[in-house]
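coords-v4.pdb (PDB, C-alpha atoms, pLDDT in the B column) appears below.
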ATOM      1  CA  MET D 227     -27.326 115.048 -30.584  1.00 63.00           C
ATOM      2  CA  GLU D 228     -30.883 115.633 -31.708  1.00 73.00           C
ATOM      3  CA  LEU D 229     -32.959 118.472 -30.343  1.00 78.00           C
ATOM      4  CA  GLU D 230     -36.100 120.102 -31.709  1.00 85.00           C
ATOM      5  CA  LEU D 231     -37.109 123.469 -30.278  1.00 89.00           C
ATOM      6  CA  PRO D 232     -39.523 126.272 -31.029  1.00 90.00           C
ATOM      7  CA  VAL D 233     -37.895 129.670 -31.504  1.00 93.00           C
ATOM      8  CA  ILE D 234     -39.642 132.817 -30.312  1.00 93.00           C
ATOM      9  CA  LYS D 235     -39.625 135.587 -32.922  1.00 92.00           C
ATOM     10  CA  ASN D 236     -38.507 138.437 -30.655  1.00 90.00           C
ATOM     11  CA  TRP D 237     -35.876 138.179 -27.943  1.00 88.00           C
ATOM     12  CA  SER D 238     -36.871 139.034 -24.372  1.00 90.00           C
ATOM     13  CA  TYR D 239     -35.803 137.870 -20.919  1.00 88.00           C
ATOM     14  CA  ALA D 240     -39.310 136.530 -20.268  1.00 91.00           C
ATOM     15  CA  GLY D 241     -39.429 134.689 -23.592  1.00 90.00           C
ATOM     16  CA  LEU D 242     -35.984 133.218 -23.098  1.00 88.00           C
ATOM     17  CA  LYS D 243     -37.249 131.372 -20.013  1.00 89.00           C
ATOM     18  CA  THR D 244     -39.684 129.501 -22.273  1.00 91.00           C
ATOM     19  CA  ALA D 245     -37.683 128.860 -25.465  1.00 92.00           C
ATOM     20  CA  PRO D 246     -34.732 130.125 -27.504  1.00 94.00           C
ATOM     21  CA  CYS D 247     -35.377 133.519 -29.125  1.00 94.00           C
ATOM     22  CA  CYS D 248     -34.308 135.266 -32.329  1.00 94.00           C
ATOM     23  CA  TYR D 249     -31.698 137.745 -31.099  1.00 94.00           C
ATOM     24  CA  SER D 250     -31.004 139.462 -34.417  1.00 93.00           C
ATOM     25  CA  GLY D 251     -31.117 138.999 -38.165  1.00 93.00           C
ATOM     26  CA  SER D 252     -33.087 136.421 -40.111  1.00 93.00           C
ATOM     27  CA  ALA D 253     -32.585 133.174 -41.982  1.00 94.00           C
ATOM     28  CA  ALA D 254     -33.609 134.871 -45.238  1.00 93.00           C
ATOM     29  CA  SER D 255     -30.898 137.531 -44.863  1.00 93.00           C
ATOM     30  CA  ASN D 256     -28.240 134.961 -43.826  1.00 94.00           C
ATOM     31  CA  ASP D 257     -27.447 136.596 -40.494  1.00 94.00           C
ATOM     32  CA  LEU D 258     -29.702 134.846 -37.969  1.00 95.00           C
ATOM     33  CA  VAL D 259     -28.574 134.854 -34.343  1.00 95.00           C
ATOM     34  CA  ILE D 260     -30.578 132.760 -31.865  1.00 94.00           C
ATOM     35  CA  ALA D 261     -30.130 133.013 -28.090  1.00 92.00           C
ATOM     36  CA  GLY D 262     -31.039 130.205 -25.710  1.00 91.00           C
ATOM     37  CA  HIS D 263     -30.549 129.508 -22.022  1.00 88.00           C
ATOM     38  CA  ASN D 264     -27.985 126.884 -21.063  1.00 87.00           C
ATOM     39  CA  TYR D 265     -30.722 124.555 -19.809  1.00 83.00           C
ATOM     40  CA  ASN D 266     -30.314 120.993 -21.121  1.00 81.00           C
ATOM     41  CA  THR D 267     -33.724 121.413 -22.744  1.00 82.00           C
ATOM     42  CA  HIS D 268     -32.501 124.512 -24.615  1.00 85.00           C
ATOM     43  CA  PHE D 269     -28.867 125.187 -25.596  1.00 86.00           C
ATOM     44  CA  GLY D 270     -27.075 123.603 -22.637  1.00 82.00           C
ATOM     45  CA  ARG D 271     -25.522 120.968 -24.880  1.00 80.00           C
ATOM     46  CA  LEU D 272     -24.081 123.318 -27.519  1.00 79.00           C
ATOM     47  CA  LYS D 273     -20.607 122.715 -26.136  1.00 76.00           C
ATOM     48  CA  TYR D 274     -20.868 119.085 -27.247  1.00 79.00           C
ATOM     49  CA  VAL D 275     -21.723 119.847 -30.879  1.00 82.00           C
ATOM     50  CA  ARG D 276     -18.824 119.158 -33.216  1.00 81.00           C
ATOM     51  CA  GLU D 277     -17.917 120.645 -36.577  1.00 87.00           C
ATOM     52  CA  GLY D 278     -19.890 119.205 -39.452  1.00 90.00           C
ATOM     53  CA  GLY D 279     -23.132 118.669 -37.560  1.00 89.00           C
ATOM     54  CA  GLU D 280     -26.439 119.599 -39.160  1.00 92.00           C
ATOM     55  CA  VAL D 281     -28.811 122.298 -37.949  1.00 92.00           C
ATOM     56  CA  ILE D 282     -32.204 122.755 -39.608  1.00 93.00           C
ATOM     57  CA  PHE D 283     -34.259 125.907 -39.096  1.00 94.00           C
ATOM     58  CA  THR D 284     -37.841 126.111 -40.335  1.00 93.00           C
ATOM     59  CA  ASP D 285     -39.358 129.583 -40.337  1.00 92.00           C
ATOM     60  CA  ILE D 286     -42.972 130.506 -39.680  1.00 90.00           C
ATOM     61  CA  ASN D 287     -43.758 130.280 -43.423  1.00 92.00           C
ATOM     62  CA  GLY D 288     -42.434 126.731 -43.648  1.00 93.00           C
ATOM     63  CA  SER D 289     -39.209 127.653 -45.456  1.00 94.00           C
ATOM     64  CA  VAL D 290     -36.453 125.231 -44.477  1.00 95.00           C
ATOM     65  CA  TYR D 291     -32.853 126.388 -44.042  1.00 96.00           C
ATOM     66  CA  LYS D 292     -30.080 123.842 -43.575  1.00 96.00           C
ATOM     67  CA  TYR D 293     -26.767 124.596 -41.945  1.00 96.00           C
ATOM     68  CA  GLU D 294     -23.553 122.804 -41.077  1.00 96.00           C
ATOM     69  CA  THR D 295     -21.821 123.597 -37.814  1.00 94.00           C
ATOM     70  CA  TYR D 296     -18.517 125.283 -38.502  1.00 94.00           C
ATOM     71  CA  SER D 297     -16.913 126.351 -35.235  1.00 91.00           C
ATOM     72  CA  THR D 298     -17.514 127.055 -31.574  1.00 89.00           C
ATOM     73  CA  GLU D 299     -16.256 130.250 -29.981  1.00 89.00           C
ATOM     74  CA  THR D 300     -16.066 131.305 -26.355  1.00 89.00           C
ATOM     75  CA  LEU D 301     -16.764 135.010 -26.010  1.00 89.00           C
ATOM     76  CA  ALA D 302     -16.788 137.461 -23.124  1.00 90.00           C
ATOM     77  CA  PRO D 303     -20.316 138.154 -21.859  1.00 83.00           C
ATOM     78  CA  THR D 304     -19.954 141.782 -23.000  1.00 85.00           C
ATOM     79  CA  ALA D 305     -18.766 140.919 -26.535  1.00 85.00           C
ATOM     80  CA  ILE D 306     -22.124 141.589 -28.185  1.00 81.00           C
ATOM     81  CA  GLU D 307     -20.607 142.952 -31.412  1.00 83.00           C
ATOM     82  CA  ASP D 308     -18.377 139.874 -31.770  1.00 83.00           C
ATOM     83  CA  MET D 309     -21.366 137.621 -31.324  1.00 80.00           C
ATOM     84  CA  ILE D 310     -23.508 139.218 -34.022  1.00 82.00           C
ATOM     85  CA  SER D 311     -20.748 140.151 -36.467  1.00 78.00           C
ATOM     86  CA  GLY D 312     -19.013 138.018 -39.051  1.00 76.00           C
ATOM     87  CA  ASP D 313     -20.069 136.137 -42.128  1.00 87.00           C
ATOM     88  CA  TYR D 314     -22.015 133.411 -40.376  1.00 95.00           C
ATOM     89  CA  PRO D 315     -25.514 132.715 -41.707  1.00 96.00           C
ATOM     90  CA  LEU D 316     -26.487 131.233 -38.324  1.00 96.00           C
ATOM     91  CA  THR D 317     -25.136 131.667 -34.805  1.00 95.00           C
ATOM     92  CA  LEU D 318     -26.597 129.865 -31.796  1.00 93.00           C
ATOM     93  CA  PHE D 319     -25.449 131.170 -28.430  1.00 90.00           C
ATOM     94  CA  THR D 320     -25.840 130.608 -24.725  1.00 89.00           C
ATOM     95  CA  CYS D 321     -23.995 131.412 -21.518  1.00 86.00           C
ATOM     96  CA  ASN D 322     -21.615 128.882 -20.056  1.00 80.00           C
ATOM     97  CA  TYR D 323     -22.613 127.339 -16.717  1.00 77.00           C
ATOM     98  CA  SER D 324     -20.768 129.930 -14.652  1.00 77.00           C
ATOM     99  CA  GLY D 325     -22.296 132.811 -16.629  1.00 76.00           C
ATOM    100  CA  GLN D 326     -18.812 134.245 -17.154  1.00 86.00           C
ATOM    101  CA  ALA D 327     -18.707 133.649 -20.925  1.00 88.00           C
ATOM    102  CA  ARG D 328     -20.877 133.000 -23.936  1.00 89.00           C
ATOM    103  CA  ILE D 329     -20.615 129.965 -26.161  1.00 88.00           C
ATOM    104  CA  ALA D 330     -21.335 130.781 -29.818  1.00 90.00           C
ATOM    105  CA  LEU D 331     -21.892 127.960 -32.293  1.00 91.00           C
ATOM    106  CA  ARG D 332     -21.225 129.280 -35.796  1.00 94.00           C
ATOM    107  CA  CYS D 333     -22.943 127.637 -38.758  1.00 95.00           C
ATOM    108  CA  LEU D 334     -22.621 127.848 -42.531  1.00 96.00           C
ATOM    109  CA  ARG D 335     -25.547 127.433 -44.895  1.00 95.00           C
ATOM    110  CA  ILE D 336     -25.845 124.261 -46.936  1.00 93.00           C
ATOM    111  CA  HIS D 337     -27.334 124.954 -50.364  1.00 75.00           C
TER     112      HIS D 337
END
Target format structure tokens, applied to this file:
Amino acid sequence: MELELPVIKNWSYAGLKTAPCCYSGSAASNDLVIAGHNYNTHFGRLKYVREGGEVIFTDINGSVYKYETYSTETLAPTAIEDMISGDYPLTLFTCNYSGQARIALRCLRIH
């Protein structure tokens, strides 16, 4: 699956309607969490990504960070701490189609 998206620097409900948003952390500090709606044009296809896939994030300064998908977790919609905790340099998350859970794609950095 190939998908190229802009990422809005600061998370907001209004911004999330346009594009995925940085929810917390940063690529430089190895704790970036990006939220996106489950639209097919955003993160709606995260559930189809398998372990070992490649994710590339380019920041505003042109620094390129490469990641390998590691695991997919299904979390309760209120499990905010679980979503942003852990030793994952990158987490991409969205709600499932019913809105009753969050899908978190965990990624490890490729050096």
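With distances taken over all atoms listed in the file, D:Thr298 is the one residue among D:Asn264, D:Ala254, D:Thr298, D:Lys235 lying closest to Gly279 of chain D.
Of the listed residues (D:Asn256, D:Thr284, D:Thr320, D:Asn266), D:Thr284 comes nearest to Val233 of chain D; the distances count all atoms listed in the file.
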Which residues are close to Glu280 of chain D, i.e. within 7 Å by only C-alpha atoms, leaving aside same-chain residues fewer than 2 positions away? Reply as a PDB file with C-alpha atoms, in the coordinates of the input.
ATOM      1  CA  GLY D 278     -19.890 119.205 -39.452  1.00 90.00           C
ATOM      2  CA  ILE D 282     -32.204 122.755 -39.608  1.00 93.00           C
ATOM      3  CA  TYR D 293     -26.767 124.596 -41.945  1.00 96.00           C
ATOM      4  CA  GLU D 294     -23.553 122.804 -41.077  1.00 96.00           C
ATOM      5  CA  THR D 295     -21.821 123.597 -37.814  1.00 94.00           C
TER       6      THR D 295
END
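What the PyMOL selection byres ((chain D and resi 269-271) around 10) picks from this file is Met227, Leu229, Leu231, Ala245, Pro246, Ile260, Ala261, Gly262, His263, Asn264, Tyr265, Asn266, Thr267, His268, Leu272, Lys273, Tyr274, Val275, Leu318, Phe319, Thr320, Cys321, Asn322, Tyr323 and Ile329 of chain D.
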Worksheet item: Interatomic distance between atom CA of Gln326 of chain D and atom CA of Met309 of chain D?
Response: 14.8 Å
Fill in: Length of the atom CA of Ala253 of chain D to atom CA of Leu331 of chain D vector [Å]
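The value is 15.3 Å.
In this comparison, which uses only C-alpha atoms, the residue of D:Asn287, D:Asn236, D:Ser324, D:Thr317 approaching Cys248 of chain D most closely is D:Asn236.
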Worksheet entry | atom CA of Gly325 of chain D to atom CA of Pro303 of chain D, straight-line distance in Å |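 If I compute the distance from atom CA of Pro303 of chain D to atom CA of Gly325 of chain D, I get 7.7 Å.
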Worksheet item: Selected by the PyMOL selection byres ((chain D and resi 301) around 7) in the shown coordinates: which residues, as a list in words?
Response: Glu299, Thr300, Ala302, Pro303, Ala305, Ala327, Arg328 and Ile329 of chain D
Could the residues in this selection be written to a file with C-alpha atoms, as a PDB file, keeping the file's coordinate frame?
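File written: result.pdb
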ATOM      1  CA  GLU D 299     -16.256 130.250 -29.981  1.00 89.00           C
ATOM      2  CA  THR D 300     -16.066 131.305 -26.355  1.00 89.00           C
ATOM      3  CA  ALA D 302     -16.788 137.461 -23.124  1.00 90.00           C
ATOM      4  CA  PRO D 303     -20.316 138.154 -21.859  1.00 83.00           C
ATOM      5  CA  ALA D 305     -18.766 140.919 -26.535  1.00 85.00           C
ATOM      6  CA  ALA D 327     -18.707 133.649 -20.925  1.00 88.00           C
ATOM      7  CA  ARG D 328     -20.877 133.000 -23.936  1.00 89.00           C
ATOM      8  CA  ILE D 329     -20.615 129.965 -26.161  1.00 88.00           C
TER       9      ILE D 329
END
Worksheet item: Evaluating the PyMOL selection byres ((chain D and resi 315) around 12) on the displayed file yields which residues, as an MDAnalysis selection string?
Response: chainID D and resid 250:260 281 283 291:296 310:314 316:318 331:337
Segment 261-276 of chain D from the block above: all heavy atoms written as a compact mmCIF listing (two decimals), in the first residue's frame:
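part.txt was written with the following content:
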# COMPACT_ATOMS: atom_id res chain seq x y z
N ALA D 261 -2.02 11.18 14.49
CA ALA D 261 -3.43 10.80 14.44
C ALA D 261 -3.99 11.10 13.06
O ALA D 261 -3.65 12.12 12.46
CB ALA D 261 -4.22 11.57 15.49
N GLY D 262 -4.85 10.23 12.56
CA GLY D 262 -5.51 10.46 11.29
C GLY D 262 -6.91 9.88 11.32
O GLY D 262 -7.15 8.89 12.01
N HIS D 263 -7.82 10.49 10.60
CA HIS D 263 -9.17 9.92 10.50
C HIS D 263 -9.12 8.59 9.76
O HIS D 263 -8.15 8.29 9.05
CB HIS D 263 -10.11 10.87 9.75
CG HIS D 263 -10.81 11.83 10.65
ND1 HIS D 263 -11.57 11.45 11.73
CD2 HIS D 263 -10.86 13.19 10.63
CE1 HIS D 263 -12.06 12.50 12.33
NE2 HIS D 263 -11.64 13.58 11.69
N ASN D 264 -10.15 7.81 9.89
CA ASN D 264 -10.20 6.50 9.21
C ASN D 264 -10.75 6.61 7.79
O ASN D 264 -11.19 5.63 7.22
CB ASN D 264 -10.98 5.47 10.03
CG ASN D 264 -12.43 5.83 10.23
OD1 ASN D 264 -12.92 6.81 9.67
ND2 ASN D 264 -13.12 5.05 11.02
N TYR D 265 -10.67 7.79 7.20
CA TYR D 265 -11.01 7.95 5.79
C TYR D 265 -10.01 7.15 4.96
O TYR D 265 -8.84 7.05 5.32
CB TYR D 265 -10.91 9.40 5.32
CG TYR D 265 -11.58 10.45 6.16
CD1 TYR D 265 -11.03 11.73 6.24
CD2 TYR D 265 -12.75 10.21 6.85
CE1 TYR D 265 -11.63 12.72 6.98
CE2 TYR D 265 -13.36 11.20 7.59
CZ TYR D 265 -12.80 12.45 7.66
OH TYR D 265 -13.39 13.44 8.38
N ASN D 266 -10.44 6.61 3.82
CA ASN D 266 -9.51 5.90 2.94
C ASN D 266 -8.38 6.80 2.46
O ASN D 266 -7.29 6.34 2.16
CB ASN D 266 -10.23 5.26 1.76
CG ASN D 266 -10.87 3.94 2.14
OD1 ASN D 266 -10.44 3.28 3.08
ND2 ASN D 266 -11.90 3.57 1.42
N THR D 267 -8.63 8.10 2.39
CA THR D 267 -7.59 9.03 1.96
C THR D 267 -6.65 9.42 3.10
O THR D 267 -5.67 10.12 2.86
CB THR D 267 -8.22 10.30 1.38
OG1 THR D 267 -9.10 10.86 2.36
CG2 THR D 267 -8.97 10.00 0.10
N HIS D 268 -6.94 8.99 4.31
CA HIS D 268 -6.06 9.24 5.46
C HIS D 268 -5.56 7.90 5.97
O HIS D 268 -4.79 7.24 5.30
CB HIS D 268 -6.80 10.01 6.55
CG HIS D 268 -7.09 11.43 6.20
ND1 HIS D 268 -7.60 12.33 7.09
CD2 HIS D 268 -6.95 12.13 5.05
CE1 HIS D 268 -7.75 13.51 6.52
NE2 HIS D 268 -7.37 13.40 5.27
N PHE D 269 -6.01 7.48 7.16
CA PHE D 269 -5.50 6.26 7.79
C PHE D 269 -6.49 5.11 7.77
O PHE D 269 -6.35 4.14 8.50
CB PHE D 269 -5.09 6.54 9.24
CG PHE D 269 -3.82 7.32 9.39
CD1 PHE D 269 -3.42 7.75 10.64
CD2 PHE D 269 -3.00 7.61 8.31
CE1 PHE D 269 -2.25 8.46 10.82
CE2 PHE D 269 -1.83 8.32 8.47
CZ PHE D 269 -1.45 8.74 9.73
N GLY D 270 -7.49 5.16 6.93
CA GLY D 270 -8.50 4.12 6.87
C GLY D 270 -7.98 2.75 6.49
O GLY D 270 -8.60 1.74 6.78
N ARG D 271 -6.80 2.70 5.89
CA ARG D 271 -6.25 1.41 5.46
C ARG D 271 -5.15 0.89 6.39
O ARG D 271 -4.47 -0.08 6.06
CB ARG D 271 -5.74 1.53 4.03
CG ARG D 271 -6.89 1.84 3.06
CD ARG D 271 -6.43 1.93 1.64
NE ARG D 271 -5.85 3.27 1.44
CZ ARG D 271 -5.14 3.62 0.39
NH1 ARG D 271 -4.89 2.76 -0.56
NH2 ARG D 271 -4.65 4.84 0.27
N LEU D 272 -4.96 1.52 7.54
CA LEU D 272 -3.93 1.05 8.47
C LEU D 272 -4.11 -0.41 8.85
O LEU D 272 -3.14 -1.14 9.04
CB LEU D 272 -3.93 1.88 9.76
CG LEU D 272 -3.28 3.24 9.74
CD1 LEU D 272 -3.27 3.83 11.14
CD2 LEU D 272 -1.88 3.19 9.17
N LYS D 273 -5.35 -0.84 8.94
CA LYS D 273 -5.60 -2.24 9.34
C LYS D 273 -5.05 -3.24 8.34
O LYS D 273 -4.87 -4.40 8.66
CB LYS D 273 -7.09 -2.47 9.57
CG LYS D 273 -7.93 -2.31 8.32
CD LYS D 273 -9.39 -2.48 8.63
CE LYS D 273 -10.22 -2.23 7.38
NZ LYS D 273 -11.63 -2.32 7.64
N TYR D 274 -4.75 -2.81 7.14
CA TYR D 274 -4.23 -3.72 6.12
C TYR D 274 -2.70 -3.76 6.08
O TYR D 274 -2.13 -4.58 5.38
CB TYR D 274 -4.74 -3.32 4.73
CG TYR D 274 -6.23 -3.36 4.61
CD1 TYR D 274 -6.95 -2.20 4.36
CD2 TYR D 274 -6.93 -4.56 4.78
CE1 TYR D 274 -8.33 -2.24 4.25
CE2 TYR D 274 -8.31 -4.59 4.68
CZ TYR D 274 -9.00 -3.43 4.42
OH TYR D 274 -10.36 -3.45 4.33
N VAL D 275 -2.04 -2.86 6.81
CA VAL D 275 -0.59 -2.82 6.80
C VAL D 275 -0.06 -3.99 7.62
O VAL D 275 -0.53 -4.27 8.71
CB VAL D 275 -0.08 -1.48 7.37
CG1 VAL D 275 1.43 -1.47 7.48
CG2 VAL D 275 -0.57 -0.32 6.51
N ARG D 276 0.91 -4.66 7.07
CA ARG D 276 1.49 -5.84 7.73
C ARG D 276 2.86 -5.49 8.31
O ARG D 276 3.49 -4.52 7.91
CB ARG D 276 1.64 -6.99 6.72
CG ARG D 276 0.33 -7.44 6.13
CD ARG D 276 -0.53 -8.10 7.21
NE ARG D 276 -1.84 -8.44 6.69
CZ ARG D 276 -2.98 -7.99 7.17
NH1 ARG D 276 -2.99 -7.17 8.17
NH2 ARG D 276 -4.13 -8.36 6.66
